[in-house]
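**Q** This one is final_16.csv, CSV, N, CA and C atoms.
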chain,number,residue,atom,x,y,z
A,1,MET,N,-170.1,-97.1,142.4
A,1,MET,CA,-169.6,-96.0,141.6
A,1,MET,C,-169.7,-94.7,142.4
A,2,SER,N,-168.7,-94.0,142.6
A,2,SER,CA,-168.7,-92.7,143.3
A,2,SER,C,-169.2,-91.6,142.3
A,3,ALA,N,-169.8,-90.6,142.9
A,3,ALA,CA,-170.4,-89.5,142.1
A,3,ALA,C,-169.4,-88.8,141.2
A,4,HIS,N,-168.2,-88.6,141.7
A,4,HIS,CA,-167.2,-87.9,140.9
A,4,HIS,C,-166.7,-88.7,139.7
A,5,ARG,N,-166.9,-90.0,139.7
A,5,ARG,CA,-166.5,-90.8,138.6
A,5,ARG,C,-167.6,-91.3,137.7
A,6,ALA,N,-168.8,-90.9,138.0
A,6,ALA,CA,-170.0,-91.5,137.3
A,6,ALA,C,-169.9,-91.3,135.8
A,7,LEU,N,-169.6,-90.2,135.3
A,7,LEU,CA,-169.6,-90.0,133.8
A,7,LEU,C,-168.4,-90.8,133.2
A,8,ARG,N,-167.3,-90.8,133.9
A,8,ARG,CA,-166.2,-91.6,133.4
A,8,ARG,C,-166.5,-93.1,133.3
A,9,ASP,N,-167.1,-93.6,134.4
A,9,ASP,CA,-167.5,-95.0,134.5
A,9,ASP,C,-168.5,-95.4,133.4
A,10,LEU,N,-169.5,-94.5,133.2
A,10,LEU,CA,-170.5,-94.7,132.1
A,10,LEU,C,-169.8,-94.8,130.7
A,11,PHE,N,-168.9,-93.9,130.5
A,11,PHE,CA,-168.2,-93.8,129.2
A,11,PHE,C,-167.4,-95.1,129.0
A,12,ARG,N,-166.7,-95.5,130.0
A,12,ARG,CA,-165.8,-96.7,129.9
A,12,ARG,C,-166.6,-98.0,129.8
A,13,ALA,N,-167.9,-98.0,130.2
A,13,ALA,CA,-168.7,-99.2,130.1
A,13,ALA,C,-168.9,-99.7,128.7
A,14,PHE,N,-168.7,-98.8,127.7
A,14,PHE,CA,-168.9,-99.1,126.3
A,14,PHE,C,-167.6,-99.3,125.5
A,15,GLU,N,-166.5,-99.4,126.2
A,15,GLU,CA,-165.3,-99.8,125.6
A,15,GLU,C,-165.4,-101.3,125.3
A,16,ALA,N,-164.5,-101.8,124.4
A,16,ALA,CA,-164.5,-103.2,124.0
A,16,ALA,C,-164.5,-104.1,125.3
A,17,ASN,N,-165.5,-105.0,125.3
A,17,ASN,CA,-165.7,-105.9,126.4
A,17,ASN,C,-166.1,-105.3,127.7
A,18,GLY,N,-166.5,-104.0,127.7
A,18,GLY,CA,-167.1,-103.4,128.9
A,18,GLY,C,-168.4,-103.9,129.2
A,19,PRO,N,-169.0,-103.6,130.4
A,19,PRO,CA,-170.3,-104.2,130.8
A,19,PRO,C,-171.4,-103.7,129.9
A,20,GLY,N,-171.3,-102.6,129.2
A,20,GLY,CA,-172.4,-102.1,128.4
A,20,GLY,C,-172.4,-102.7,127.0
A,21,VAL,N,-171.4,-103.5,126.6
A,21,VAL,CA,-171.3,-104.1,125.3
A,21,VAL,C,-171.6,-105.6,125.4
A,22,LEU,N,-172.6,-106.0,124.7
A,22,LEU,CA,-172.9,-107.5,124.6
A,22,LEU,C,-172.3,-107.9,123.3
A,23,ASN,N,-171.3,-108.8,123.3
A,23,ASN,CA,-170.8,-109.3,122.1
A,23,ASN,C,-171.8,-110.1,121.3
A,24,ASP,N,-171.8,-110.0,120.0
A,24,ASP,CA,-172.7,-110.8,119.2
A,24,ASP,C,-172.4,-112.2,119.3
A,25,PRO,N,-173.4,-113.1,119.7
A,25,PRO,CA,-173.1,-114.5,120.0
A,25,PRO,C,-172.9,-115.3,118.7
A,26,GLY,N,-173.1,-114.7,117.5
A,26,GLY,CA,-173.0,-115.5,116.3
A,26,GLY,C,-174.2,-116.3,116.0
A,27,ASP,N,-174.2,-116.9,114.8
A,27,ASP,CA,-175.3,-117.7,114.3
A,27,ASP,C,-175.9,-118.7,115.3
A,28,ALA,N,-177.2,-118.6,115.5
A,28,ALA,CA,-177.9,-119.5,116.5
A,28,ALA,C,-177.6,-119.2,117.9
A,29,GLY,N,-177.0,-118.1,118.2
A,29,GLY,CA,-176.6,-117.7,119.6
A,29,GLY,C,-177.7,-117.0,120.3
A,30,SER,N,-177.5,-116.8,121.6
A,30,SER,CA,-178.5,-116.2,122.5
A,30,SER,C,-178.0,-114.8,123.0
A,31,ILE,N,-178.8,-113.8,122.8
A,31,ILE,CA,-178.5,-112.4,123.3
A,31,ILE,C,-179.2,-112.3,124.6
A,32,GLU,N,-178.5,-111.9,125.7
A,32,GLU,CA,-179.1,-111.9,127.0
A,32,GLU,C,-178.7,-110.6,127.7
A,33,PRO,N,-179.5,-109.5,127.4
A,33,PRO,CA,-179.2,-108.2,128.1
A,33,PRO,C,-179.7,-108.3,129.5
A,34,THR,N,-178.9,-107.7,130.4
A,34,THR,CA,-179.2,-107.8,131.9
A,34,THR,C,-179.1,-106.4,132.5
A,35,GLY,N,-178.6,-105.4,131.8
A,35,GLY,CA,-178.5,-104.1,132.5
A,35,GLY,C,-178.9,-103.0,131.6
A,36,TYR,N,-179.1,-101.9,132.2
A,36,TYR,CA,-179.6,-100.7,131.5
A,36,TYR,C,-178.5,-100.1,130.5
A,37,GLY,N,-179.0,-99.9,129.3
A,37,GLY,CA,-178.1,-99.2,128.3
A,37,GLY,C,-177.2,-100.1,127.5
A,38,GLN,N,-177.4,-101.4,127.5
A,38,GLN,CA,-176.5,-102.3,126.8
A,38,GLN,C,-176.7,-102.2,125.3
A,39,ILE,N,-175.7,-102.6,124.5
A,39,ILE,CA,-175.8,-102.6,123.1
A,39,ILE,C,-175.2,-103.9,122.6
A,40,CYS,N,-175.8,-104.5,121.5
A,40,CYS,CA,-175.3,-105.6,120.8
A,40,CYS,C,-175.3,-105.3,119.3
A,41,GLU,N,-174.1,-105.4,118.7
A,41,GLU,CA,-174.0,-105.1,117.3
A,41,GLU,C,-173.9,-106.4,116.5
A,42,LEU,N,-174.9,-106.6,115.6
A,42,LEU,CA,-175.0,-107.9,114.8
A,42,LEU,C,-174.0,-107.9,113.7
A,43,VAL,N,-173.3,-109.0,113.5
A,43,VAL,CA,-172.4,-109.2,112.4
A,43,VAL,C,-172.8,-110.5,111.7
A,44,THR,N,-173.1,-110.5,110.4
A,44,THR,CA,-173.5,-111.7,109.7
A,44,THR,C,-172.6,-112.0,108.6
A,45,THR,N,-172.4,-113.3,108.3
A,45,THR,CA,-171.6,-113.8,107.2
A,45,THR,C,-172.5,-114.6,106.2
A,46,GLY,N,-173.8,-114.6,106.4
A,46,GLY,CA,-174.7,-115.3,105.6
A,46,GLY,C,-176.1,-115.2,106.3
A,47,ALA,N,-177.1,-115.9,105.9
A,47,ALA,CA,-178.4,-115.9,106.6
A,47,ALA,C,-178.2,-116.5,107.9
A,48,GLU,N,-178.5,-115.8,109.0
A,48,GLU,CA,-178.3,-116.2,110.4
A,48,GLU,C,-179.5,-116.0,111.3
A,49,THR,N,-179.4,-116.6,112.4
A,49,THR,CA,-180.5,-116.4,113.4
A,49,THR,C,-179.9,-116.1,114.8
A,50,ARG,N,-180.6,-115.4,115.7
A,50,ARG,CA,-180.3,-115.2,117.0
A,50,ARG,C,-181.6,-115.3,117.9
A,51,THR,N,-181.4,-115.6,119.2
A,51,THR,CA,-182.5,-115.6,120.1
A,51,THR,C,-182.3,-114.5,121.1
A,52,LEU,N,-183.3,-113.7,121.3
A,52,LEU,CA,-183.3,-112.6,122.3
A,52,LEU,C,-183.9,-113.1,123.6
A,53,ALA,N,-183.2,-113.2,124.7
A,53,ALA,CA,-183.7,-113.8,125.9
A,53,ALA,C,-184.8,-112.8,126.5
A,54,ALA,N,-185.7,-113.4,127.3
A,54,ALA,CA,-186.6,-112.6,128.0
A,54,ALA,C,-185.9,-111.7,129.0
A,55,PRO,N,-186.4,-110.5,129.2
A,55,PRO,CA,-185.8,-109.6,130.3
A,55,PRO,C,-186.1,-110.2,131.7
A,56,THR,N,-185.1,-109.9,132.6
A,56,THR,CA,-185.3,-110.4,133.9
A,56,THR,C,-186.0,-109.5,134.9
A,57,LYS,N,-186.1,-108.2,134.4
A,57,LYS,CA,-186.8,-107.2,135.2
A,57,LYS,C,-187.2,-106.1,134.3
A,58,ALA,N,-188.2,-105.3,134.8
A,58,ALA,CA,-188.6,-104.1,134.0
A,58,ALA,C,-187.5,-103.0,134.1
A,59,GLY,N,-187.4,-102.2,133.1
A,59,GLY,CA,-186.5,-101.1,133.1
A,59,GLY,C,-185.2,-101.3,132.4
A,60,ILE,N,-185.0,-102.5,131.8
A,60,ILE,CA,-183.7,-102.7,131.0
A,60,ILE,C,-183.9,-102.0,129.7
A,61,ARG,N,-183.0,-101.1,129.4
A,61,ARG,CA,-182.9,-100.5,128.1
A,61,ARG,C,-181.8,-101.1,127.3
A,62,PHE,N,-182.1,-101.5,126.0
A,62,PHE,CA,-181.2,-102.3,125.2
A,62,PHE,C,-181.3,-101.9,123.8
A,63,HIS,N,-180.2,-101.8,123.1
A,63,HIS,CA,-180.1,-101.4,121.7
A,63,HIS,C,-179.5,-102.6,120.9
A,64,LEU,N,-180.2,-103.0,119.8
A,64,LEU,CA,-179.8,-104.1,118.9
A,64,LEU,C,-179.6,-103.5,117.5
A,65,ARG,N,-178.4,-103.6,117.0
A,65,ARG,CA,-178.1,-102.9,115.7
A,65,ARG,C,-177.3,-103.8,114.8
A,66,MET,N,-177.6,-103.8,113.5
A,66,MET,CA,-176.8,-104.5,112.5
A,66,MET,C,-175.6,-103.6,112.0
A,67,THR,N,-174.4,-104.1,112.2
A,67,THR,CA,-173.2,-103.3,111.8
A,67,THR,C,-172.5,-103.9,110.5
A,68,THR,N,-172.7,-105.2,110.3
A,68,THR,CA,-172.1,-105.9,109.2
A,68,THR,C,-173.1,-106.8,108.5
A,69,ASP,N,-173.5,-106.5,107.3
A,69,ASP,CA,-174.5,-107.3,106.6
A,69,ASP,C,-173.9,-108.2,105.6
A,70,GLY,N,-173.7,-109.5,106.1
A,70,GLY,CA,-173.3,-110.6,105.2
A,70,GLY,C,-174.5,-111.4,104.8
A,71,GLY,N,-175.7,-111.0,105.3
A,71,GLY,CA,-176.9,-111.8,105.0
A,71,GLY,C,-177.9,-111.4,106.1
A,72,ASP,N,-179.2,-111.7,105.9
A,72,ASP,CA,-180.2,-111.3,106.9
A,72,ASP,C,-180.0,-112.0,108.2
A,73,CYS,N,-180.4,-111.3,109.3
A,73,CYS,CA,-180.3,-111.9,110.6
A,73,CYS,C,-181.7,-111.8,111.2
A,74,VAL,N,-182.3,-113.0,111.5
A,74,VAL,CA,-183.6,-113.1,112.1
A,74,VAL,C,-183.4,-113.3,113.6
A,75,VAL,N,-183.9,-112.4,114.3
A,75,VAL,CA,-183.9,-112.4,115.8
A,75,VAL,C,-185.2,-112.8,116.3
A,76,THR,N,-185.3,-113.9,117.1
A,76,THR,CA,-186.6,-114.3,117.7
A,76,THR,C,-186.5,-114.1,119.2
A,77,ALA,N,-187.5,-113.3,119.6
A,77,ALA,CA,-187.5,-113.0,121.1
A,77,ALA,C,-188.3,-114.1,121.8
A,78,SER,N,-187.8,-114.3,123.0
A,78,SER,CA,-188.5,-115.3,123.9
A,78,SER,C,-189.8,-114.9,124.4
A,79,VAL,N,-190.0,-113.5,124.4
A,79,VAL,CA,-191.3,-112.9,124.8
A,79,VAL,C,-191.6,-111.9,123.7
A,80,THR,N,-192.8,-111.3,123.7
A,80,THR,CA,-193.2,-110.3,122.7
A,80,THR,C,-192.3,-109.1,122.7
A,81,LEU,N,-192.2,-108.5,121.5
A,81,LEU,CA,-191.4,-107.2,121.3
A,81,LEU,C,-192.3,-106.0,121.3
A,82,ASN,N,-193.6,-106.2,121.3
A,82,ASN,CA,-194.5,-105.0,121.3
A,82,ASN,C,-195.9,-105.4,121.7
A,83,GLU,N,-196.8,-104.5,121.8
A,83,GLU,CA,-198.2,-104.8,122.2
A,83,GLU,C,-198.9,-105.6,121.2
A,84,THR,N,-198.5,-105.6,119.9
A,84,THR,CA,-199.1,-106.4,118.9
A,84,THR,C,-198.8,-107.9,119.0
A,85,GLY,N,-197.8,-108.2,119.7
A,85,GLY,CA,-197.4,-109.6,120.0
A,85,GLY,C,-196.3,-110.1,119.0
A,86,ASN,N,-195.7,-109.3,118.3
A,86,ASN,CA,-194.6,-109.7,117.4
A,86,ASN,C,-193.4,-110.3,118.2
A,87,THR,N,-192.8,-111.3,117.7
A,87,THR,CA,-191.7,-111.9,118.4
A,87,THR,C,-190.5,-112.1,117.5
A,88,VAL,N,-190.6,-111.7,116.2
A,88,VAL,CA,-189.5,-111.9,115.3
A,88,VAL,C,-189.1,-110.6,114.6
A,89,ALA,N,-187.8,-110.3,114.6
A,89,ALA,CA,-187.3,-109.1,114.0
A,89,ALA,C,-186.3,-109.5,113.0
A,90,THR,N,-186.4,-109.0,111.7
A,90,THR,CA,-185.5,-109.3,110.7
A,90,THR,C,-184.7,-108.1,110.3
A,91,PHE,N,-183.3,-108.2,110.5
A,91,PHE,CA,-182.4,-107.2,110.1
A,91,PHE,C,-181.8,-107.5,108.8
A,92,ASN,N,-181.9,-106.6,107.8
A,92,ASN,CA,-181.3,-106.9,106.5
A,92,ASN,C,-180.4,-105.8,105.8
A,93,ALA,N,-180.1,-104.8,106.7
A,93,ALA,CA,-179.2,-103.8,106.1
A,93,ALA,C,-178.4,-103.2,107.3
A,94,VAL,N,-177.2,-102.7,107.0
A,94,VAL,CA,-176.4,-102.0,108.0
A,94,VAL,C,-177.1,-100.8,108.5
A,95,GLY,N,-177.1,-100.6,109.8
A,95,GLY,CA,-177.8,-99.4,110.4
A,95,GLY,C,-179.1,-99.7,110.9
A,96,GLU,N,-179.8,-100.8,110.5
A,96,GLU,CA,-181.1,-101.1,111.1
A,96,GLU,C,-180.9,-101.4,112.5
A,97,SER,N,-181.8,-100.9,113.3
A,97,SER,CA,-181.7,-101.2,114.8
A,97,SER,C,-183.1,-101.1,115.5
A,98,LEU,N,-183.1,-101.7,116.6
A,98,LEU,CA,-184.2,-101.7,117.5
A,98,LEU,C,-183.7,-101.2,118.9
A,99,ASP,N,-184.4,-100.2,119.4
A,99,ASP,CA,-184.1,-99.7,120.8
A,99,ASP,C,-185.3,-100.2,121.6
A,100,LEU,N,-184.9,-101.1,122.6
A,100,LEU,CA,-186.0,-101.8,123.4
A,100,LEU,C,-185.9,-101.4,124.9
A,101,ILE,N,-187.0,-101.5,125.5
A,101,ILE,CA,-187.0,-101.4,127.0
A,101,ILE,C,-187.9,-102.5,127.5
A,102,SER,N,-187.6,-103.0,128.7
A,102,SER,CA,-188.4,-104.1,129.2
A,102,SER,C,-189.5,-103.5,130.1
A,103,VAL,N,-190.7,-104.0,130.0
A,103,VAL,CA,-191.8,-103.5,130.7
A,103,VAL,C,-192.6,-104.7,131.3
A,104,THR,N,-193.4,-104.3,132.3
A,104,THR,CA,-194.3,-105.3,132.9
A,104,THR,C,-195.7,-105.1,132.3
A,105,ASP,N,-196.2,-106.2,131.7
A,105,ASP,CA,-197.5,-106.2,131.0
A,105,ASP,C,-198.3,-107.4,131.5
A,106,ALA,N,-199.3,-107.1,132.3
A,106,ALA,CA,-200.2,-108.1,132.9
A,106,ALA,C,-199.4,-109.1,133.6
A,107,SER,N,-198.5,-108.6,134.5
A,107,SER,CA,-197.5,-109.4,135.3
A,107,SER,C,-196.5,-110.2,134.6
A,108,VAL,N,-196.4,-110.0,133.3
A,108,VAL,CA,-195.3,-110.6,132.5
A,108,VAL,C,-194.3,-109.6,132.1
A,109,ILE,N,-193.0,-109.9,132.2
A,109,ILE,CA,-192.0,-108.9,131.8
A,109,ILE,C,-191.7,-109.2,130.3
A,110,ARG,N,-191.8,-108.2,129.5
A,110,ARG,CA,-191.6,-108.4,128.1
A,110,ARG,C,-190.8,-107.2,127.5
A,111,TRP,N,-190.4,-107.3,126.3
A,111,TRP,CA,-189.7,-106.2,125.6
A,111,TRP,C,-190.8,-105.2,125.0
A,112,ASP,N,-190.4,-104.0,124.8
A,112,ASP,CA,-191.3,-103.0,124.1
A,112,ASP,C,-190.4,-102.2,123.2
A,113,ILE,N,-190.7,-102.0,122.0
A,113,ILE,CA,-189.9,-101.3,121.0
A,113,ILE,C,-190.1,-99.8,121.3
A,114,VAL,N,-189.0,-99.1,121.6
A,114,VAL,CA,-189.0,-97.6,121.7
A,114,VAL,C,-188.8,-97.0,120.4
A,115,VAL,N,-187.8,-97.4,119.6
A,115,VAL,CA,-187.5,-96.9,118.3
A,115,VAL,C,-187.2,-98.1,117.3
A,116,ASN,N,-187.7,-98.1,116.1
A,116,ASN,CA,-187.3,-99.0,115.1
A,116,ASN,C,-186.7,-98.2,114.0
A,117,THR,N,-185.4,-98.3,113.8
A,117,THR,CA,-184.6,-97.5,112.9
A,117,THR,C,-184.3,-98.3,111.6
A,118,GLY,N,-184.6,-97.8,110.5
A,118,GLY,CA,-184.3,-98.5,109.2
A,118,GLY,C,-185.3,-99.6,108.9
A,119,SER,N,-186.5,-99.5,109.5
A,119,SER,CA,-187.6,-100.4,109.1
A,119,SER,C,-187.2,-101.9,109.3
A,120,VAL,N,-186.7,-102.3,110.5
A,120,VAL,CA,-186.5,-103.7,110.9
A,120,VAL,C,-187.9,-104.4,110.7
A,121,GLY,N,-187.9,-105.5,109.9
A,121,GLY,CA,-189.1,-106.2,109.7
A,121,GLY,C,-189.6,-106.9,110.9
A,122,LEU,N,-190.9,-106.8,111.3
A,122,LEU,CA,-191.4,-107.5,112.4
A,122,LEU,C,-192.5,-108.5,112.0
A,123,ALA,N,-192.5,-109.6,112.8
A,123,ALA,CA,-193.5,-110.6,112.5
A,123,ALA,C,-193.9,-111.3,113.8
For the file at hand, write its structure as structure tokens.
**A**
Amino acid sequence: MSAHRALRDLFRAFEANGPGVLNDPGDAGSIEPTGYGQICELVTTGAETRTLAAPTKAGIRFHLRMTTDGGDCVVTASVTLNETGNTVATFNAVGESLDLISVTDASVIRWDIVVNTGSVGLA
């Protein structure tokens, strides 16, 4: 990416099917963020589940948000989501979201919640 196109390229990354957008994999699917600043918008048509893959390196910033609430969506992370050791997040209303960043904790790369908007349930 050249310096004179940096802002344009960042803006375009979040267009439909751009590298910043992770499409919702649907019920029982796996969400696999790999780059900084990606977003996945959850759409449910009933009670559904997703798996959030473990990050591959520290420093990945990722946003997970419910945009269509046809039923609760239970997201189970492959590694912990916070220092408390929670691995399950339940989204049950439009607008609920988790802003996550991957961190190294005792030589394990895991997620860490930066912001929990709308009181996403954690377990």
**Q** When you look at Thr45 (chain A) with a cut-off of 8 Å (counting all atoms listed in the file), what residues show up, excluding the ones that are within fewer than 4 positions of it in the same chain? I need them as a ChimeraX atom specification.
**A** /A:27,68-72
**Q** Hey, can you check how far CA of Val21 (chain A) sits from CA of Asn86 (chain A)?
**A**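 One can read the CA of Val21 (chain A) to CA of Asn86 (chain A) distance as 25.2 Å.
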**Q** Would you kindly return, as a list of chain:residue names, each protein, DNA or RNA residue with an atom no farther than 10 Å from any atom of Ile101 (chain A), considering only C-alpha atoms and excluding same-chain residues fewer than 6 positions away?
**A** A:Tyr36, A:Gly37, A:Pro55, A:Ala58, A:Gly59, A:Ile60, A:Arg61, A:Phe62, A:His63, A:Leu81, A:Arg110, A:Trp111, A:Asp112, A:Ile113, A:Val114, A:Val115
**Q** Among the residues of chain A, find those DSSP assigns to strand (DSSP E) from the backbone and print them as a PyMOL selection string.
**A** chain A and resi 21-22+29-31+38-43+48-52+61-68+73-77+88-91+97-105+108-117+121-122
**Q** Looking at all atoms listed in the file, which of A:Asn23, A:Thr117, A:Thr44, A:Thr49 is the one that sits closest to Gly95 (chain A)?
**A** A:Thr117
**Q** One decimal, in Å: what's the spacing between atom C of Val103 (chain A) and atom C of Ala54 (chain A)?
**A** 10.0 Å
**Q** Would you be able to write out as a list in words which residues have an atom within 7 Å of (-180.0, -107.3, 123.3) in the file's coordinates, counting all atoms listed in the file?
**A** Ile31, Glu32, Pro33, Gln38, Ile39, Cys40, Leu52, Ala53, Phe62, His63 and Leu64 of chain A
**Q** How would the residues just chosen look if you wrote them out with N, CA and C atoms as a short mmCIF file (atom, residue, chain, number, x, y, z; two decimals), in the coordinates of the input?
**A**
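Result file again.cif:
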data_model
loop_
_atom_site.label_atom_id
_atom_site.label_comp_id
_atom_site.auth_asym_id
_atom_site.auth_seq_id
_atom_site.Cartn_x
_atom_site.Cartn_y
_atom_site.Cartn_z
N ILE A 31 -178.80 -113.80 122.80
CA ILE A 31 -178.50 -112.40 123.30
C ILE A 31 -179.20 -112.30 124.60
N GLU A 32 -178.50 -111.90 125.70
CA GLU A 32 -179.10 -111.90 127.00
C GLU A 32 -178.70 -110.60 127.70
N PRO A 33 -179.50 -109.50 127.40
CA PRO A 33 -179.20 -108.20 128.10
C PRO A 33 -179.70 -108.30 129.50
N GLN A 38 -177.40 -101.40 127.50
CA GLN A 38 -176.50 -102.30 126.80
C GLN A 38 -176.70 -102.20 125.30
N ILE A 39 -175.70 -102.60 124.50
CA ILE A 39 -175.80 -102.60 123.10
C ILE A 39 -175.20 -103.90 122.60
N CYS A 40 -175.80 -104.50 121.50
CA CYS A 40 -175.30 -105.60 120.80
C CYS A 40 -175.30 -105.30 119.30
N LEU A 52 -183.30 -113.70 121.30
CA LEU A 52 -183.30 -112.60 122.30
C LEU A 52 -183.90 -113.10 123.60
N ALA A 53 -183.20 -113.20 124.70
CA ALA A 53 -183.70 -113.80 125.90
C ALA A 53 -184.80 -112.80 126.50
N PHE A 62 -182.10 -101.50 126.00
CA PHE A 62 -181.20 -102.30 125.20
C PHE A 62 -181.30 -101.90 123.80
N HIS A 63 -180.20 -101.80 123.10
CA HIS A 63 -180.10 -101.40 121.70
C HIS A 63 -179.50 -102.60 120.90
N LEU A 64 -180.20 -103.00 119.80
CA LEU A 64 -179.80 -104.10 118.90
C LEU A 64 -179.60 -103.50 117.50
#
